[in-house]
Amino acid sequence: MSHKPLVAVFLIFSLCLLCLMMGSVPASSAKELESPSPASRGDELGLSLRQVVETTLKNNVAIAVQEFNVKIREQDITDRKSEFDPTINLELSTKERTNQVSSAFAVPDKARNRDYVVGFSLNQKVITGGDYDLSFNSNRNQTNSAFAGLNPQYSSELLFSATQPLLKNFGIDNNKRNIYIASNDLDISDFEFESRVIDTITEVENVYWELVFSIEDLNVKRKSLKRAQDLEKRVRAQVEVGTVAPLDILQAQSEVASREELLLQAEDLIQDNEDNLKNELNIDFNSLAGRKKIQPVDKPMIQPGKDIVLDEAIKKALASRPDFLARKTKLTNDHILVKYNENQVYPTLDLFGSLGLNGISGDAVAISRFGGGTVQSPFGGGYDKSLSSLGSRSYYQWEVGLKMSYPLGNRSAKSRLTASRLQAAQTLLDIKDLEKTIVVEVREAVRQIKTEAKRIQATSLARKLAEKKLDAEEKKFEVGMSTSFNVLEFQEDLVEEQSNEIRALIDYRKSRIRLRQVMATTMEKHNIQMSKDIDNDS
């Protein structure tokens, strides 16, 4: 019996004992003892802004709906291209006809014909506006006529015909207009999808920072309540020793109750913001994650960046805004329709032509002729001889010509042309109006960032001064040179300035978010690329 398994067990046991003695654990156990990730710590759901954005893009229903629109537009392009797909036709048929014959020389006077038909054709519309048709037909005819020289008779025909417009409906661009428009519509859907993504990210970022504000503000309210409670204890102690009037206790108690109410309102606001964020993340409220409290990881700190140049920001916005690019793409479609409708005003002038080959064969039948004797068709033979006659090119047909038509007045085409030009002019005005709106939005966003940065400095200074004033007033209160009423007022001033400072920090972050939205740099900020951009890079 081998002792290797026992030795291995002994070595593992010794290693574990050594680790315990040294205050360490093996790697597999260390993972179990590590603190859980922020997303699963206790009853809290820790989320960074990056996690929030990624989860929103993954779970947002509106984005998923918009993505379906893009896929539908992709199929529209394929549908438009199918207009130029060739079509194959195959015909197999048999028929019989029996009828009376009016001729006095008919033998017999009741004609009977049976046909077996095999037909094949290929036709296609080409991008120049023309079309062609290539067909091959074979027929086997059997009759009871006494004068039929071939019975049964085999006939074969190969025919090529084509038509090419020279004025109306001429040109590659005119005939591929639906493909161009469908391709541009796909670009418009991509722009709409990008705009939806930007708006969604912007919304969830704002909700995230509002939750951060409500949590930070709750801490301010808690400290404020603690100050009021501490002051109440100090007032109560001074009343007991007779240094202040009993009325001051009521005032302190009233202020404690008031701040407790503010604390409850702050807690309620946190829950509202949590629900808003969970809704943006599409988290089921009855799920395990939905029952947890969200704890934001990121803090509202100022991130230094390069100075914003207004002209460059406007230029960037006009080059990147998906709604602006969608309008310009729509104008391209309008110009395509204008060009097409200009062509439709022309008269129809088509060049057409055809070239065909034919051949016959069959069982030659001797037919009596007037004056005695018989005569026989020289084209006797099997079906293969019919094909040989066709291939000899001795029996053919051709046709070539011009065909023209023009409706008098041509009001329908002219009215469509006028309407398409008006539509293009309207779209151009929409673009100019949107351009002005974008410029205004960028100017406002840049100006707001500068204002919020100044607010942060002002509120920070105001908060520091409020702290000093409260500290001085509390010292005066300790020596009896101030009242509890004054102390409470200074406490309220400090709370307000602390909340104002936090609000200024949050508003600054939101103003940066707004600038990214109006400049369409939100996705660039979060390193998010559209799938088409990834395909183009690869």
# chains A, B, ... in the order shown; residues from 1 in each chain; ligands from 1

$ residues_around --residues "stretch 205-216 of chain A" --least-positions-apart "2" --cutoff "9 Å" --atoms "only C-alpha atoms" --output "short mmCIF file (atom, residue, chain, number, x, y, z; two decimals) with C-alpha atoms, in the first residue's frame"
data_model
loop_
_atom_site.label_atom_id
_atom_site.label_comp_id
_atom_site.auth_asym_id
_atom_site.auth_seq_id
_atom_site.Cartn_x
_atom_site.Cartn_y
_atom_site.Cartn_z
CA LEU A 49 -20.55 56.95 -11.02
CA VAL A 52 -24.05 53.70 -12.52
CA VAL A 53 -23.42 54.78 -16.12
CA THR A 200 -29.83 59.08 -20.43
CA ILE A 201 -26.28 59.37 -19.11
CA THR A 202 -26.86 63.04 -18.29
CA GLU A 203 -30.06 62.22 -16.43
CA LEU A 218 -28.36 64.71 5.91
CA ASN A 219 -25.01 64.66 7.70
CA VAL A 220 -25.19 68.43 8.05
CA LYS A 221 -28.71 68.15 9.48
CA ALA A 266 -33.71 65.05 4.59
CA GLU A 267 -34.07 61.29 5.12
CA LEU A 269 -35.37 63.15 0.22
CA ILE A 270 -32.64 60.48 0.25
CA GLN A 271 -35.22 57.77 -0.24
CA ASP A 272 -36.80 59.69 -3.12
CA ASN A 273 -33.42 60.12 -4.81
CA GLU A 274 -32.57 56.46 -4.21
CA ASN A 276 -35.11 57.74 -8.81
CA LEU A 277 -31.65 56.25 -9.25
CA GLU A 280 -32.84 54.84 -13.91
CA ILE A 294 -27.53 53.01 -2.33
CA GLN A 295 -24.26 54.40 -1.07
CA PRO A 296 -22.52 56.61 -3.65
CA VAL A 297 -18.77 56.07 -3.76
CA ASP A 298 -17.76 59.26 -5.58
CA LYS A 299 -17.63 62.54 -3.69
CA PRO A 300 -18.43 66.03 -4.98
CA SER A 499 -25.74 73.15 2.83
CA ILE A 502 -22.46 71.29 -0.69
CA ARG A 503 -25.10 72.53 -3.13
CA LEU A 505 -20.20 71.67 -5.28
CA ILE A 506 -23.03 69.54 -6.67
CA ASP A 507 -24.23 72.30 -8.98
CA ARG A 509 -20.57 69.00 -11.15
CA LYS A 510 -23.98 69.25 -12.78
CA ILE A 513 -22.42 67.52 -17.03
#

$ select_by_dssp --residues "stretch 210-395 of chain A" --states "alpha helix (DSSP H)" --output "VMD selection string"
chain A and resid 210 to 241 247 to 280 310 to 320 322 to 344 383 to 391

$ write_last_selection --atoms "C-alpha atoms" --output "mmCIF file, in the first residue's frame"
data_model
loop_
_atom_site.group_PDB
_atom_site.id
_atom_site.type_symbol
_atom_site.label_atom_id
_atom_site.label_comp_id
_atom_site.auth_asym_id
_atom_site.auth_seq_id
_atom_site.Cartn_x
_atom_site.Cartn_y
_atom_site.Cartn_z
ATOM 1 C CA GLU A 210 -28.606 64.703 -6.225
ATOM 2 C CA LEU A 211 -28.423 61.562 -4.099
ATOM 3 C CA VAL A 212 -24.900 62.545 -3.054
ATOM 4 C CA PHE A 213 -26.177 65.989 -2.064
ATOM 5 C CA SER A 214 -29.085 64.600 -0.039
ATOM 6 C CA ILE A 215 -26.745 62.246 1.853
ATOM 7 C CA GLU A 216 -24.188 64.984 2.557
ATOM 8 C CA ASP A 217 -26.967 67.350 3.537
ATOM 9 C CA LEU A 218 -28.359 64.714 5.911
ATOM 10 C CA ASN A 219 -25.007 64.656 7.700
ATOM 11 C CA VAL A 220 -25.195 68.433 8.046
ATOM 12 C CA LYS A 221 -28.710 68.153 9.482
ATOM 13 C CA ARG A 222 -27.579 65.481 11.955
ATOM 14 C CA LYS A 223 -24.728 67.659 13.196
ATOM 15 C CA SER A 224 -27.140 70.563 13.472
ATOM 16 C CA LEU A 225 -29.513 68.474 15.565
ATOM 17 C CA LYS A 226 -26.623 67.351 17.747
ATOM 18 C CA ARG A 227 -25.617 70.991 18.365
ATOM 19 C CA ALA A 228 -29.185 71.896 19.334
ATOM 20 C CA GLN A 229 -29.388 68.915 21.690
ATOM 21 C CA ASP A 230 -26.045 69.807 23.289
ATOM 22 C CA LEU A 231 -27.206 73.393 23.717
ATOM 23 C CA GLU A 232 -30.428 72.185 25.326
ATOM 24 C CA LYS A 233 -28.414 70.218 27.908
ATOM 25 C CA ARG A 234 -26.250 73.233 28.647
ATOM 26 C CA VAL A 235 -29.299 75.491 28.995
ATOM 27 C CA ARG A 236 -30.987 72.964 31.287
ATOM 28 C CA ALA A 237 -27.889 72.871 33.462
ATOM 29 C CA GLN A 238 -27.766 76.660 33.648
ATOM 30 C CA VAL A 239 -31.486 76.807 34.533
ATOM 31 C CA GLU A 240 -30.892 74.374 37.369
ATOM 32 C CA VAL A 241 -28.200 76.628 38.814
ATOM 33 C CA LEU A 247 -38.067 80.022 29.246
ATOM 34 C CA ASP A 248 -34.754 79.342 27.492
ATOM 35 C CA ILE A 249 -35.342 75.582 27.887
ATOM 36 C CA LEU A 250 -38.576 75.795 25.904
ATOM 37 C CA GLN A 251 -36.801 77.717 23.168
ATOM 38 C CA ALA A 252 -34.019 75.118 22.994
ATOM 39 C CA GLN A 253 -36.531 72.241 23.004
ATOM 40 C CA SER A 254 -38.529 73.913 20.230
ATOM 41 C CA GLU A 255 -35.400 74.246 18.115
ATOM 42 C CA VAL A 256 -34.522 70.564 18.697
ATOM 43 C CA ALA A 257 -37.992 69.530 17.495
ATOM 44 C CA SER A 258 -37.697 71.775 14.452
ATOM 45 C CA ARG A 259 -34.346 70.282 13.475
ATOM 46 C CA GLU A 260 -35.669 66.760 13.991
ATOM 47 C CA GLU A 261 -38.363 67.614 11.463
ATOM 48 C CA LEU A 262 -35.716 68.855 9.016
ATOM 49 C CA LEU A 263 -33.790 65.641 9.582
ATOM 50 C CA LEU A 264 -36.869 63.563 8.707
ATOM 51 C CA GLN A 265 -37.357 65.596 5.531
ATOM 52 C CA ALA A 266 -33.706 65.048 4.594
ATOM 53 C CA GLU A 267 -34.071 61.288 5.120
ATOM 54 C CA ASP A 268 -37.215 61.277 2.980
ATOM 55 C CA LEU A 269 -35.367 63.146 0.218
ATOM 56 C CA ILE A 270 -32.637 60.482 0.252
ATOM 57 C CA GLN A 271 -35.217 57.773 -0.239
ATOM 58 C CA ASP A 272 -36.795 59.695 -3.122
ATOM 59 C CA ASN A 273 -33.418 60.119 -4.807
ATOM 60 C CA GLU A 274 -32.575 56.456 -4.211
ATOM 61 C CA ASP A 275 -35.825 55.425 -5.889
ATOM 62 C CA ASN A 276 -35.109 57.741 -8.812
ATOM 63 C CA LEU A 277 -31.652 56.252 -9.249
ATOM 64 C CA LYS A 278 -32.920 52.675 -8.970
ATOM 65 C CA ASN A 279 -35.538 53.495 -11.570
ATOM 66 C CA GLU A 280 -32.837 54.842 -13.908
ATOM 67 C CA LEU A 310 -15.918 79.448 -25.820
ATOM 68 C CA ASP A 311 -15.285 79.504 -29.567
ATOM 69 C CA GLU A 312 -13.738 76.039 -29.471
ATOM 70 C CA ALA A 313 -16.643 74.717 -27.400
ATOM 71 C CA ILE A 314 -19.184 76.072 -29.909
ATOM 72 C CA LYS A 315 -17.209 74.635 -32.820
ATOM 73 C CA LYS A 316 -17.036 71.258 -31.069
ATOM 74 C CA ALA A 317 -20.769 71.289 -30.370
ATOM 75 C CA LEU A 318 -21.690 72.066 -33.988
ATOM 76 C CA ALA A 319 -19.403 69.266 -35.171
ATOM 77 C CA SER A 320 -20.614 66.671 -32.656
ATOM 78 C CA PRO A 322 -26.205 64.326 -32.925
ATOM 79 C CA ASP A 323 -29.448 66.296 -33.258
ATOM 80 C CA PHE A 324 -27.672 68.891 -35.421
ATOM 81 C CA LEU A 325 -26.026 66.197 -37.559
ATOM 82 C CA ALA A 326 -29.388 64.448 -37.935
ATOM 83 C CA ARG A 327 -30.956 67.666 -39.285
ATOM 84 C CA LYS A 328 -28.119 68.082 -41.765
ATOM 85 C CA THR A 329 -28.528 64.479 -42.895
ATOM 86 C CA LYS A 330 -32.247 65.077 -43.364
ATOM 87 C CA LEU A 331 -31.374 68.068 -45.556
ATOM 88 C CA THR A 332 -29.216 65.742 -47.656
ATOM 89 C CA ASN A 333 -32.247 63.487 -48.136
ATOM 90 C CA ASP A 334 -34.345 66.510 -49.111
ATOM 91 C CA HIS A 335 -31.777 67.483 -51.758
ATOM 92 C CA ILE A 336 -31.825 63.929 -53.118
ATOM 93 C CA LEU A 337 -35.600 64.168 -53.557
ATOM 94 C CA VAL A 338 -35.312 67.607 -55.158
ATOM 95 C CA LYS A 339 -32.837 66.259 -57.702
ATOM 96 C CA TYR A 340 -35.072 63.268 -58.411
ATOM 97 C CA ASN A 341 -38.191 65.404 -58.836
ATOM 98 C CA GLU A 342 -36.294 67.702 -61.183
ATOM 99 C CA ASN A 343 -35.648 64.645 -63.337
ATOM 100 C CA GLN A 344 -39.310 63.649 -63.218
ATOM 101 C CA TYR A 383 -36.251 18.253 -80.316
ATOM 102 C CA ASP A 384 -32.482 18.514 -80.507
ATOM 103 C CA LYS A 385 -32.742 19.658 -84.121
ATOM 104 C CA SER A 386 -34.952 22.530 -82.985
ATOM 105 C CA LEU A 387 -32.164 23.626 -80.642
ATOM 106 C CA SER A 388 -29.599 23.195 -83.419
ATOM 107 C CA SER A 389 -31.649 25.467 -85.686
ATOM 108 C CA LEU A 390 -31.791 28.047 -82.914
ATOM 109 C CA GLY A 391 -28.041 27.839 -82.395
#

$ closest_residue --among "A:Gly359, A:Ile438, A:Ala453, A:Asn69" --to "A:Ile302" --atoms "only C-alpha atoms"
A:Ala453

$ select_by_dssp --residues "stretch 155-209 of chain A" --states "strand (DSSP E)" --output "PDB file with N, CA and C atoms, in the first residue's frame"
ATOM      1  N   SER A 155     -40.819  23.763 -81.125  1.00  0.00           N
ATOM      2  CA  SER A 155     -40.356  25.120 -81.427  1.00  0.00           C
ATOM      3  C   SER A 155     -39.587  25.662 -80.220  1.00  0.00           C
ATOM      4  N   SER A 156     -38.505  26.374 -80.486  1.00  0.00           N
ATOM      5  CA  SER A 156     -37.664  26.960 -79.435  1.00  0.00           C
ATOM      6  C   SER A 156     -37.378  28.414 -79.779  1.00  0.00           C
ATOM      7  N   GLU A 157     -37.322  29.241 -78.738  1.00  0.00           N
ATOM      8  CA  GLU A 157     -37.067  30.661 -78.969  1.00  0.00           C
ATOM      9  C   GLU A 157     -36.222  31.207 -77.824  1.00  0.00           C
ATOM     10  N   LEU A 158     -35.176  31.948 -78.170  1.00  0.00           N
ATOM     11  CA  LEU A 158     -34.327  32.643 -77.210  1.00  0.00           C
ATOM     12  C   LEU A 158     -34.416  34.128 -77.538  1.00  0.00           C
ATOM     13  N   LEU A 159     -34.861  34.928 -76.544  1.00  0.00           N
ATOM     14  CA  LEU A 159     -35.132  36.339 -76.814  1.00  0.00           C
ATOM     15  C   LEU A 159     -34.515  37.206 -75.710  1.00  0.00           C
ATOM     16  N   PHE A 160     -33.785  38.230 -76.119  1.00  0.00           N
ATOM     17  CA  PHE A 160     -33.236  39.220 -75.199  1.00  0.00           C
ATOM     18  C   PHE A 160     -33.810  40.587 -75.569  1.00  0.00           C
ATOM     19  N   SER A 161     -34.391  41.252 -74.559  1.00  0.00           N
ATOM     20  CA  SER A 161     -34.953  42.583 -74.789  1.00  0.00           C
ATOM     21  C   SER A 161     -34.496  43.511 -73.673  1.00  0.00           C
ATOM     22  N   ALA A 162     -34.317  44.791 -73.999  1.00  0.00           N
ATOM     23  CA  ALA A 162     -33.835  45.767 -73.020  1.00  0.00           C
ATOM     24  C   ALA A 162     -34.439  47.128 -73.315  1.00  0.00           C
ATOM     25  N   THR A 163     -34.588  47.902 -72.242  1.00  0.00           N
ATOM     26  CA  THR A 163     -35.099  49.261 -72.349  1.00  0.00           C
ATOM     27  C   THR A 163     -34.223  50.165 -71.478  1.00  0.00           C
ATOM     28  N   GLN A 164     -33.852  51.336 -72.006  1.00  0.00           N
ATOM     29  CA  GLN A 164     -33.030  52.282 -71.263  1.00  0.00           C
ATOM     30  C   GLN A 164     -33.600  53.690 -71.398  1.00  0.00           C
ATOM     31  N   PRO A 165     -34.069  54.279 -70.253  1.00  0.00           N
ATOM     32  CA  PRO A 165     -34.530  55.675 -70.311  1.00  0.00           C
ATOM     33  C   PRO A 165     -33.370  56.608 -70.654  1.00  0.00           C
TER      34      PRO A 165
END
